[in-house]
Amino acid sequence: MKKSHLTIDGNEAVARVAHKINEVIAIYPITPSSPMAELSDIYSTKGEKNIFGTVPDIMEMQSEGGASGAIHGSLQTGALTTTFTSSQGLLLMIPNMYKIAGELTPAVFHVAARSLAAQALSIFGDHSDVMSVRQTGFALYSSNSVQEAHDAALIAQAASLKSRIPFLHFFDGFRTSHEINKIKLIDEDVMTKMIDEDLVFAHRSRALSSDNPVIRGTSQNPDVYFQGRESVNNYYSALPEILQETMDKFATLTGRAYKIFDYVGASDAERIIILMGSGAETAHESVDYFTAQGEKVGMIKVRLYRPFSTEHLLEALPKTTKSIAVLDRTKEVGAGEPLYLDVVSALNELREYDKLGFDMPKIIGGRYGLSSKEFTPSMIKAVFDELSKPSPKNHFTIGIHDDLSNTSLEWDKSYSISDDKTFRGVFFGLGSDGTVGANKNSIKIIGEETDNYAQGYFVYDSNKSGSMTTSHLRFGPKPIQSSYLIEKANFIACHQSVFLEKFDILKLADKGAIFLLNSPFSKDIVFSKLPRQVQEEIIEKKLKFYVIDAATVAKKSGMGRRINTVMQTCFFAISGILPREEAIAKIKGSIQKSYGNKGQQIVDMNNKAVDNTLENLFEVKVPTEAKSNLKMSPLVKGDFDDFVKNITAKIIAGEGDDIPVSAMPDDGTWPTGTTQYQKRNIALEVPVWDSETCIQCNKCVIVCPHAAIRSKVVDENILSDAPGIFSYVKAKGKTFEPQEQFTIQVAVEDCTGCSLCVEVCPAKNKSQSNLKAINMMPQEGVHDDGVINWDYFTKLPAYDRNKLDHAKSKESQFLEPMFEFSGACPGCGETPYVKLASQLFGDRMVIANATGCSSIYGGNLPTTPWRKNDEGRGPAWSNSLFEDNAEFGLGFRLAIDKHTHNAREILAEMREEIGAKLVDSILNSAQENEPEIFEQRARVEELKKALKSIESKDSQRLANLSDYLVKKSVWMMGGDGWAYDIGYGGLDHVLASGKNVNILVLDTQVYSNTGGQQSKATMTGAVAKFAAGGKAQTPKDLAMMAIAYGNVYVAKIAMGANDAQTVKAFVEAEKYDGPSIIIAYSHCVAHGYDLRYGMDHQKLAVDSGLWPIFRYNPDLKAEGKNPMQLDYKGPKIDVKNFMYQETRFKMVEKLNMDNAKEYLETAREHAKNQYKRYKNIEEISARPEGAI
Amino acid sequence: MDLSTTYMGLKLKNPIIVGASPLTASFESIKRLEEAGAAAIVLHSIFEEQINHETHELDYFLFKGSEDYAEALGYFPEVTLSNIESESYLDEITKLKENISIPVIASLNGVSKGGWINYAKKLQAAGVDAIELNITYIPTDIDVDAREVEMLYIDALKAVKENVSIPVSVKMNAVFSAPAQMAKKLVEAGAEGLVLFDRPVHVDIDLENLNSLQVINPSNSNDLSETLRWSAILYKKLDVSLCASTGVKTHEDILKAIMSGADAVQMVGALLEHGPEYIEIVLHHLLAWMQEKEYVSIQQMKGSISLHHTSNPAAYQRANYMRILTDYRY
């Protein structure tokens, strides 16, 4: 039997409808809308048909701009077409949106509304994006909850077909797109009734067809363009009524009634709030609460925002209205916000033409909820309170403390309207422990197998490794409208006991709440092991305290570190939501459902975990007194400034909401080098160095993704004050003097425990071959010594850069990294390259970073991994957009070149004044290597001194520009999504520019940051999102395309296959006075294997021939040498030996055996052909210039 | 000339069974083996641990990294998996059975009871003619005694026998303290065939990388010795089919195996070396030898030089060479 209810998130609620009523879906991944596209791809891969009996075609494009073009084309040729997008993606669609609307084309775009990148990017929800397209001619339709989004997806399509006006259906990113809620499903029969097939035929009859040819998209001139633009007015004026009729029809079919302006509240309300989106649900809930208390308040939910129907607004507004607050979830700088202006203008027009029918109310506008900022009943109360004032604040903000321009309203943070009938549980887990998955499962069990309503919302922190997740779950007999985080919980679960020492986990606990803790300690001693503050809270709030050693139970059940099923069982056993036996039976039922297709063993393992849990869950007898001496551990350490103390540390502590406006940088500029203060201590095991076994190759240092393992060579005299536990040995190699000592040290508090260093270590202990020169040990045992050693180590001087051969892998690793302790995944394959670049060129680097993983681990608050050296120099870094990074970086080059050129011009003119010798030496310095650059820096310092004594405009100008006389290294970094797809046009242009820029492509062969969607770099046979059955095509050869220019330095590298080649490529690329591109194989969590073996897999990739490594250096042509140097010898192993070590390839076998075989064969051929092609280039390149 | 023989109730046109190996891993190769004259094949092994491992591995890696970061709540599409427990392998068997006429024996490799039953049932349903259990257990625990090890074998066999009706053989290990009694126990537990013997992968040390490793070390005719000894000893002592499996390289090895008491032989190494068509050559030589020596059937020579029928039983019975000066009788 088909279910009438489902417990799903907003994205799924929309995708389920959109896939059913469209024929073509053109997509591109962008958070938070990506799941809609991914689900559509899965539905089509499974062969699910739409209501017209055919499986919709899904096409991933190279960008949202591309998607909108494809949509426009598909619509123009008569297919029902849709897309899903957000934020910057929507902006890229604007040109086509005008066209689609201008041509009166029915279509619906579903948008998970998200902030736009301004002073910073944000992936979270607000209406900045949709408000930026309100002028395109699309109808804007807001849905406010998961149920509404499901319904609106259908209503919008029906109304669009009827009105011929394209719709943008939007709902709040994350808050609705990712909130799980119990909804009533629309029956397919209802869809069929709602979508009038005659209108579909009409749409198709307007299609471009050679059987009935017309032309569209003409060019119009001053004589008629204007009139043409006005010709559509009647369609727009008819739309509100058409939509309302469609909503009414939907109501008769489903019982769920909507209005384009929906009023909620007292019939005699005097104070009204108008808003749209998920905040309207909270407002609705609050107004119900206030009116029950006799308050004369009300609210209007705006559903149809464009076209804006003044008449319908008036209809919704009570005649008793005295004051109105219009709330916008966007910021329009220098003017009022759009919804506010629309309401003001509408009511003014009504008044001017005597249509208002009551006294003109006072209207104020306010901003709330930007970037998913919390919007709570307490804030709504504050707005209503403001409306009661004789002179309420206009253009206010609510939800922040604006002490700069005093816009903010105060609100009472302790105020709550939550009722006793709703269960409110908050769960703190680690990303990798399965907490969120378990909670999603619990919501489904309760939502779908009981009469309760259920809601779940999940908060993740900003790191990709060791991140904390917070799950907010509500269950109750009434539909849940609270679109805000839980403020008072009657159930708190802490799935990792270490959180108790870092965060105030029990802050949210209500009096008498249940507290469940996963702890290695038994029920008898666990209380004594808690920090004092936690003990006090438990006693004071009279919490019922339960403990389980979930790690042990999970391990015994074969679950490893995954405690999801264990903690879920605990939750059901003690929360009392369901009778215990029933709950356990339901968990087991759900295990069968969730894991059935992964094999009986997985089901058995989980069932075993359920049984083992119940035997190991205990209530703790809480003493009457808190006696612990344990204090909360500090979240930041070190010698930091006030900025870190007042801003960074607060964000780390989860108190960023309390930071006032005045404390925030106003132009998005932040200090670098702050990850060093955030001691995350997330590694359970850390590497420990064995100086006697070590052969001093520095491979562990080069591969460390987090720069947590470093080596130094220092004079033995310096080490005289070393702590006794500090190990070092005589430095090996001709570069070093006999008295110089080598040491390797580990930042135990910054290490993520990935073990790449251990795997890559080539040295073996002579007595125990399972030990290497680096071995993993439990962090606990080595932490304290490690901290002392690291502290001492960081204070040791760095080796003289000019004495090191930077092109040698080993020696490059004595260079100080200026990229450290990022939030990248443990074992990340990208960051070793990024770090290497910072070591080699950090003191003169300017980096343009495309949006993606590298912009997130490089620039996501609270802390930044890019840092300075002791002289205060270091990489300057910025992220513009995803699509424009090459152009952005080229802009850097243009400006820097201009500055340099200008400085040289002035310098030449001032030759006599300054002194010919100094000027000539500056102007003539080639700066081809680092010693020369250092010399030039010294000369420029001399110049600056000289300029101080010369008073002239030129002198001032030159002083201002003099630093540009020293070489600057311009880098553009990003992933394959940027370089192969969305940014390729710009990247290609930059390659063609001949300018001296360096491009680093961190090639994971998927869009890693958004969760592994396929790109044009995705290898044949790999399963990725949007290639759910495995990719059939061979990957694009970006390197070959770049080589075709002839004057571009091109390197394809894989550190795990050949670190020497990697280092050489970086040095050569940077040295090359022209465009350089390095395409770096980056292993990734999306490949599906234990990343400690990342470097081994890189080698396998190269040996299989699927990842050729080579360098094409145009400089060598001038020397009469072959510019093409193949650094591999063709396929050495069968592709299967590489591919089937990774889940991304291997899982094809579990999907379709025939495809698996075919993909292997295609990959095998590709490896051979690729080698043949490169070999050809090598041979051809060996011929003298001009020869054929 | 009658080359036919009966092995576990299966009628074989000649004594050559192709053992579990890469040769029996693909349809094309099996077809070639059949055409070259193979009387039966043992499919490449399903390794219980491998399937378990892969199942857990897949579950683990599809989970890993999920729900960790707001932008990437998972790294793989949520597809419905199939073929989790080698269902496609079973489909291939069914297809294979439709396309060849010689008996197909499946080989199951592992140690635990759970996995055996599951796969044995599925293999029977897929249409195999018999199952060969390869129970290779290396007792590294110094507290595990011989009886416990033996029970592991017996229990696994019983578990399979209770769940299938087709014949089941056990590929024995040569290093039991009392192989004959072990053989008896296996037969009592229901084994219809004994394969003599399993040849464990060799162990070596890699001096370059300072590591221990496993190496494939093909058998040669010299390895036939233990097989001959035990088939000669077990012949007619137990109601069971015997299959000689280690060191059978030539027609002479086949003759020796049959004469010692084996009902059939398994060949792998020689075919890996010379290709499936080598079977034809071996059969040709076998026939020629039999013609020359005027044998009329394989049946005729079976067990003719077993422990009971040999004129030199000491060859099978004595571990050390003993020079017997004279033949004497009381």
# chains A, B, ... in the order shown; residues from 1 in each chain; ligands from 1
$ residues_around --residues "Leu3 of chain B" --least-positions-apart "2" --cutoff "12 Å" --atoms "only C-alpha atoms" --output "ChimeraX atom specification"
/B:1,5-6,11-16,37-39,254-255,258,263-264,283-284,286-288,290-291,295-302
$ write_last_selection --atoms "N, CA and C atoms" --output "compact mmCIF listing (two decimals), in the first residue's frame"
# COMPACT_ATOMS: atom_id res chain seq x y z
N MET B 1 37.88 -48.01 -25.80
CA MET B 1 38.55 -47.61 -24.53
C MET B 1 37.61 -46.77 -23.68
N THR B 5 34.60 -42.34 -15.47
CA THR B 5 34.73 -42.64 -14.05
C THR B 5 33.55 -42.01 -13.32
N THR B 6 33.38 -42.37 -12.09
CA THR B 6 32.29 -41.78 -11.30
C THR B 6 32.90 -41.08 -10.10
N LYS B 11 28.70 -38.75 -13.19
CA LYS B 11 29.33 -39.51 -14.27
C LYS B 11 30.31 -38.59 -14.99
N LEU B 12 31.57 -38.97 -15.01
CA LEU B 12 32.56 -38.16 -15.71
C LEU B 12 33.05 -38.92 -16.94
N LYS B 13 33.23 -38.19 -18.05
CA LYS B 13 33.65 -38.87 -19.28
C LYS B 13 35.11 -39.27 -19.23
N ASN B 14 35.87 -38.61 -18.38
CA ASN B 14 37.26 -39.00 -18.14
C ASN B 14 37.63 -38.49 -16.75
N PRO B 15 38.79 -38.78 -16.25
CA PRO B 15 39.07 -38.42 -14.84
C PRO B 15 39.52 -36.97 -14.64
N ILE B 16 39.60 -36.16 -15.72
CA ILE B 16 40.19 -34.83 -15.55
C ILE B 16 39.14 -33.78 -15.16
N GLY B 37 38.09 -31.05 -23.55
CA GLY B 37 37.87 -32.38 -23.03
C GLY B 37 37.74 -32.51 -21.53
N ALA B 38 37.73 -31.39 -20.80
CA ALA B 38 37.58 -31.47 -19.35
C ALA B 38 36.30 -32.24 -19.02
N ALA B 39 36.37 -33.07 -17.99
CA ALA B 39 35.21 -33.88 -17.63
C ALA B 39 34.30 -33.14 -16.67
N ILE B 254 48.19 -38.77 -13.84
CA ILE B 254 46.80 -39.21 -13.76
C ILE B 254 46.76 -40.73 -13.53
N LEU B 255 47.55 -41.43 -14.31
CA LEU B 255 47.58 -42.89 -14.17
C LEU B 255 47.97 -43.28 -12.75
N ILE B 258 45.10 -42.59 -10.29
CA ILE B 258 44.01 -43.56 -10.39
C ILE B 258 44.45 -44.90 -9.79
N ASP B 263 39.43 -41.56 -7.76
CA ASP B 263 38.38 -41.71 -8.77
C ASP B 263 38.55 -40.69 -9.88
N ALA B 264 39.18 -39.59 -9.52
CA ALA B 264 39.38 -38.53 -10.52
C ALA B 264 40.56 -37.68 -10.08
N LEU B 283 44.98 -36.15 -22.58
CA LEU B 283 44.06 -37.27 -22.86
C LEU B 283 44.60 -38.16 -23.97
N HIS B 284 45.21 -37.51 -24.94
CA HIS B 284 45.79 -38.25 -26.04
C HIS B 284 46.89 -39.21 -25.53
N LEU B 286 47.24 -40.25 -22.51
CA LEU B 286 46.62 -41.22 -21.60
C LEU B 286 46.10 -42.42 -22.38
N LEU B 287 45.40 -42.09 -23.46
CA LEU B 287 44.84 -43.14 -24.31
C LEU B 287 45.95 -43.99 -24.90
N ALA B 288 46.96 -43.32 -25.40
CA ALA B 288 48.06 -44.02 -26.05
C ALA B 288 48.73 -45.01 -25.08
N MET B 290 47.39 -46.30 -22.38
CA MET B 290 46.50 -47.40 -22.04
C MET B 290 46.42 -48.41 -23.17
N GLN B 291 46.43 -47.88 -24.38
CA GLN B 291 46.40 -48.79 -25.54
C GLN B 291 47.64 -49.65 -25.58
N TYR B 295 45.22 -51.64 -21.43
CA TYR B 295 44.13 -51.43 -20.45
C TYR B 295 42.87 -51.12 -21.23
N VAL B 296 41.71 -51.52 -20.72
CA VAL B 296 40.47 -51.21 -21.44
C VAL B 296 39.68 -50.08 -20.80
N SER B 297 39.93 -49.88 -19.50
CA SER B 297 39.18 -48.78 -18.86
C SER B 297 39.94 -48.23 -17.66
N ILE B 298 39.50 -47.07 -17.29
CA ILE B 298 40.04 -46.42 -16.09
C ILE B 298 39.63 -47.25 -14.87
N GLN B 299 38.39 -47.68 -14.91
CA GLN B 299 37.83 -48.48 -13.80
C GLN B 299 38.74 -49.66 -13.47
N GLN B 300 39.26 -50.23 -14.55
CA GLN B 300 40.08 -51.43 -14.42
C GLN B 300 41.33 -51.17 -13.56
N MET B 301 41.92 -49.99 -13.71
CA MET B 301 43.20 -49.73 -13.02
C MET B 301 42.99 -49.06 -11.66
N LYS B 302 41.74 -48.66 -11.38
CA LYS B 302 41.49 -47.87 -10.16
C LYS B 302 41.91 -48.65 -8.91
$ interface_residues --of "chain B" --to "chain A" --cutoff "10 Å" --atoms "only C-alpha atoms" --output "JSON, numbers by chain"
{"B": [52, 54, 55, 56, 57, 58, 59, 60, 61, 62, 63, 64, 65, 66, 67, 68, 69, 70, 71, 72, 73, 74, 75, 76, 77, 78, 79, 80, 81, 82, 83, 84, 85, 86, 87, 88, 89, 114, 115, 209, 210, 211, 212]}
$ residues_around --residues "segment 614-622 of chain A" --least-positions-apart "2" --cutoff "10 Å" --atoms "only C-alpha atoms" --output "VMD selection string"
chain A and resid 515 to 518 522 to 528 535 538 to 539 542 to 550 552 to 553 566 to 567 569 to 570 573 to 574 584 609 to 612 624 to 626
$ closest_residue --among "B:Glu98, B:Glu294, B:Glu226, B:Asp143" --to "Lys31 of chain B" --atoms "only C-alpha atoms"
B:Glu98
$ atom_distance --atom1 "atom CA of Val729 of chain A" --atom2 "atom CA of Ser812 of chain A"
19.2 Å
$ residues_around --residues "Leu213 of chain B" --least-positions-apart "3" --cutoff "10 Å" --atoms "only C-alpha atoms" --output "PyMOL selection string"
chain B and resi 201-206+210
$ write_last_selection --atoms "C-alpha atoms" --output "PDB file, in the first residue's frame"
ATOM      1  CA  VAL B 201      49.382 -20.252  -0.757  1.00  0.00           C
ATOM      2  CA  HIS B 202      53.079 -20.094  -0.050  1.00  0.00           C
ATOM      3  CA  VAL B 203      54.636 -17.686   2.353  1.00  0.00           C
ATOM      4  CA  ASP B 204      57.761 -15.716   1.592  1.00  0.00           C
ATOM      5  CA  ILE B 205      59.688 -12.754   2.870  1.00  0.00           C
ATOM      6  CA  ASP B 206      60.318  -9.741   0.688  1.00  0.00           C
ATOM      7  CA  LEU B 210      61.107  -6.044   4.546  1.00  0.00           C
TER       8      LEU B 210
END
$ residues_around --residues "Leu96 of chain B" --least-positions-apart "3" --cutoff "9 Å" --atoms "only C-alpha atoms" --output "JSON, numbers by chain"
{"B": [27, 30, 31, 91, 92, 93, 99, 100, 104]}
$ write_last_selection --atoms "C-alpha atoms" --output "short mmCIF file (atom, residue, chain, number, x, y, z; two decimals), in the first residue's frame"
data_model
loop_
_atom_site.label_atom_id
_atom_site.label_comp_id
_atom_site.auth_asym_id
_atom_site.auth_seq_id
_atom_site.Cartn_x
_atom_site.Cartn_y
_atom_site.Cartn_z
CA PHE B 27 32.57 -18.26 -19.21
CA ILE B 30 35.26 -22.67 -19.17
CA LYS B 31 33.89 -23.17 -22.65
CA ASP B 91 23.38 -15.66 -12.16
CA GLU B 92 26.52 -16.51 -14.07
CA ILE B 93 26.40 -20.08 -12.78
CA ASN B 99 25.54 -23.53 -21.90
CA ILE B 100 27.79 -26.43 -20.99
CA VAL B 104 29.94 -27.92 -12.49
#
$ residues_around --residues "Leu90 of chain B" --least-positions-apart "6" --cutoff "10 Å" --atoms "only C-alpha atoms" --output "PyMOL selection string"
chain B and resi 83+96+119+122-128
$ write_last_selection --atoms "C-alpha atoms" --output "PDB file, in the first residue's frame"
ATOM      1  CA  ASN B  83      24.662  -8.065  -6.060  1.00  0.00           C
ATOM      2  CA  LEU B  96      26.865 -21.363 -17.434  1.00  0.00           C
ATOM      3  CA  TYR B 119      26.075 -19.644   0.006  1.00  0.00           C
ATOM      4  CA  LYS B 122      22.273 -20.302  -3.081  1.00  0.00           C
ATOM      5  CA  LEU B 123      24.745 -22.331  -5.118  1.00  0.00           C
ATOM      6  CA  GLN B 124      22.464 -25.346  -5.134  1.00  0.00           C
ATOM      7  CA  ALA B 125      19.596 -23.165  -6.230  1.00  0.00           C
ATOM      8  CA  ALA B 126      21.781 -21.728  -8.980  1.00  0.00           C
ATOM      9  CA  GLY B 127      22.197 -25.269 -10.343  1.00  0.00           C
ATOM     10  CA  VAL B 128      25.667 -26.500  -9.434  1.00  0.00           C
TER      11      VAL B 128
END
$ atom_distance --atom1 "atom CA of Trp978 of chain A" --atom2 "atom CA of Ser122 of chain A"
18.2 Å
$ residues_around --residues "Val149 of chain B" --least-positions-apart "3" --cutoff "9 Å" --atoms "only C-alpha atoms" --output "list in words"
Tyr137, Ile138, Pro139, Val144, Asp145, Ala146, Leu152, Tyr153 and Ile154 of chain B
$ select_by_dssp --residues "segment 1047-1133 of chain A" --states "alpha helix (DSSP H)" --output "JSON, numbers by chain"
{"A": [1059, 1060, 1061, 1062, 1063, 1064, 1065, 1066, 1067, 1068, 1069, 1070, 1071, 1094, 1095, 1096, 1097, 1098, 1099, 1100, 1101, 1102, 1103, 1115, 1116, 1117, 1118]}
$ select_by_dssp --residues "segment 726-790 of chain A" --states "strand (DSSP E)" --output "JSON, numbers by chain"
{"A": [729, 730, 740, 741, 742, 743, 744, 745, 746, 774, 775, 776, 777, 778]}
$ write_last_selection --atoms "C-alpha atoms" --output "PDB file, in the first residue's frame"
ATOM      1  CA  VAL A 729      69.733  13.183  15.431  1.00  0.00           C
ATOM      2  CA  LYS A 730      72.640  14.249  13.303  1.00  0.00           C
ATOM      3  CA  GLU A 740      73.657  20.312  12.462  1.00  0.00           C
ATOM      4  CA  GLN A 741      70.847  18.238  13.927  1.00  0.00           C
ATOM      5  CA  PHE A 742      67.648  16.961  12.401  1.00  0.00           C
ATOM      6  CA  THR A 743      64.324  16.662  14.187  1.00  0.00           C
ATOM      7  CA  ILE A 744      60.743  15.792  13.342  1.00  0.00           C
ATOM      8  CA  GLN A 745      57.951  16.951  15.599  1.00  0.00           C
ATOM      9  CA  VAL A 746      54.207  16.517  15.649  1.00  0.00           C
ATOM     10  CA  ILE A 774      56.749   7.180  12.339  1.00  0.00           C
ATOM     11  CA  ASN A 775      54.182   5.165  14.254  1.00  0.00           C
ATOM     12  CA  MET A 776      50.687   5.917  15.464  1.00  0.00           C
ATOM     13  CA  MET A 777      50.217   5.915  19.236  1.00  0.00           C
ATOM     14  CA  PRO A 778      47.198   6.803  21.385  1.00  0.00           C
TER      15      PRO A 778
END
$ closest_atom_pairs --of "segment 22-120 of chain B" --to "segment 169-187 of chain B" --cutoff "12 Å" --atoms "only C-alpha atoms" --output "Markdown table"
| residue | atom | partner | partner_atom | distance |
| --- | --- | --- | --- | --- |
| B:Val42 | CA | B:Ser169 | CA | 11.2 |
| B:Ser45 | CA | B:Lys171 | CA | 12.0 |
| B:Ile105 | CA | B:Ser169 | CA | 9.5 |
| B:Ala106 | CA | B:Ser169 | CA | 10.1 |
| B:Ser107 | CA | B:Lys171 | CA | 9.3 |
| B:Leu108 | CA | B:Val170 | CA | 9.7 |
| B:Asn109 | CA | B:Lys171 | CA | 9.7 |
| B:Gly110 | CA | B:Lys171 | CA | 11.6 |
$ closest_residue --among "A:His901, A:Lys1031, A:Arg801, A:Lys249" --to "Ser1015 of chain A" --atoms "only C-alpha atoms"
A:Lys1031
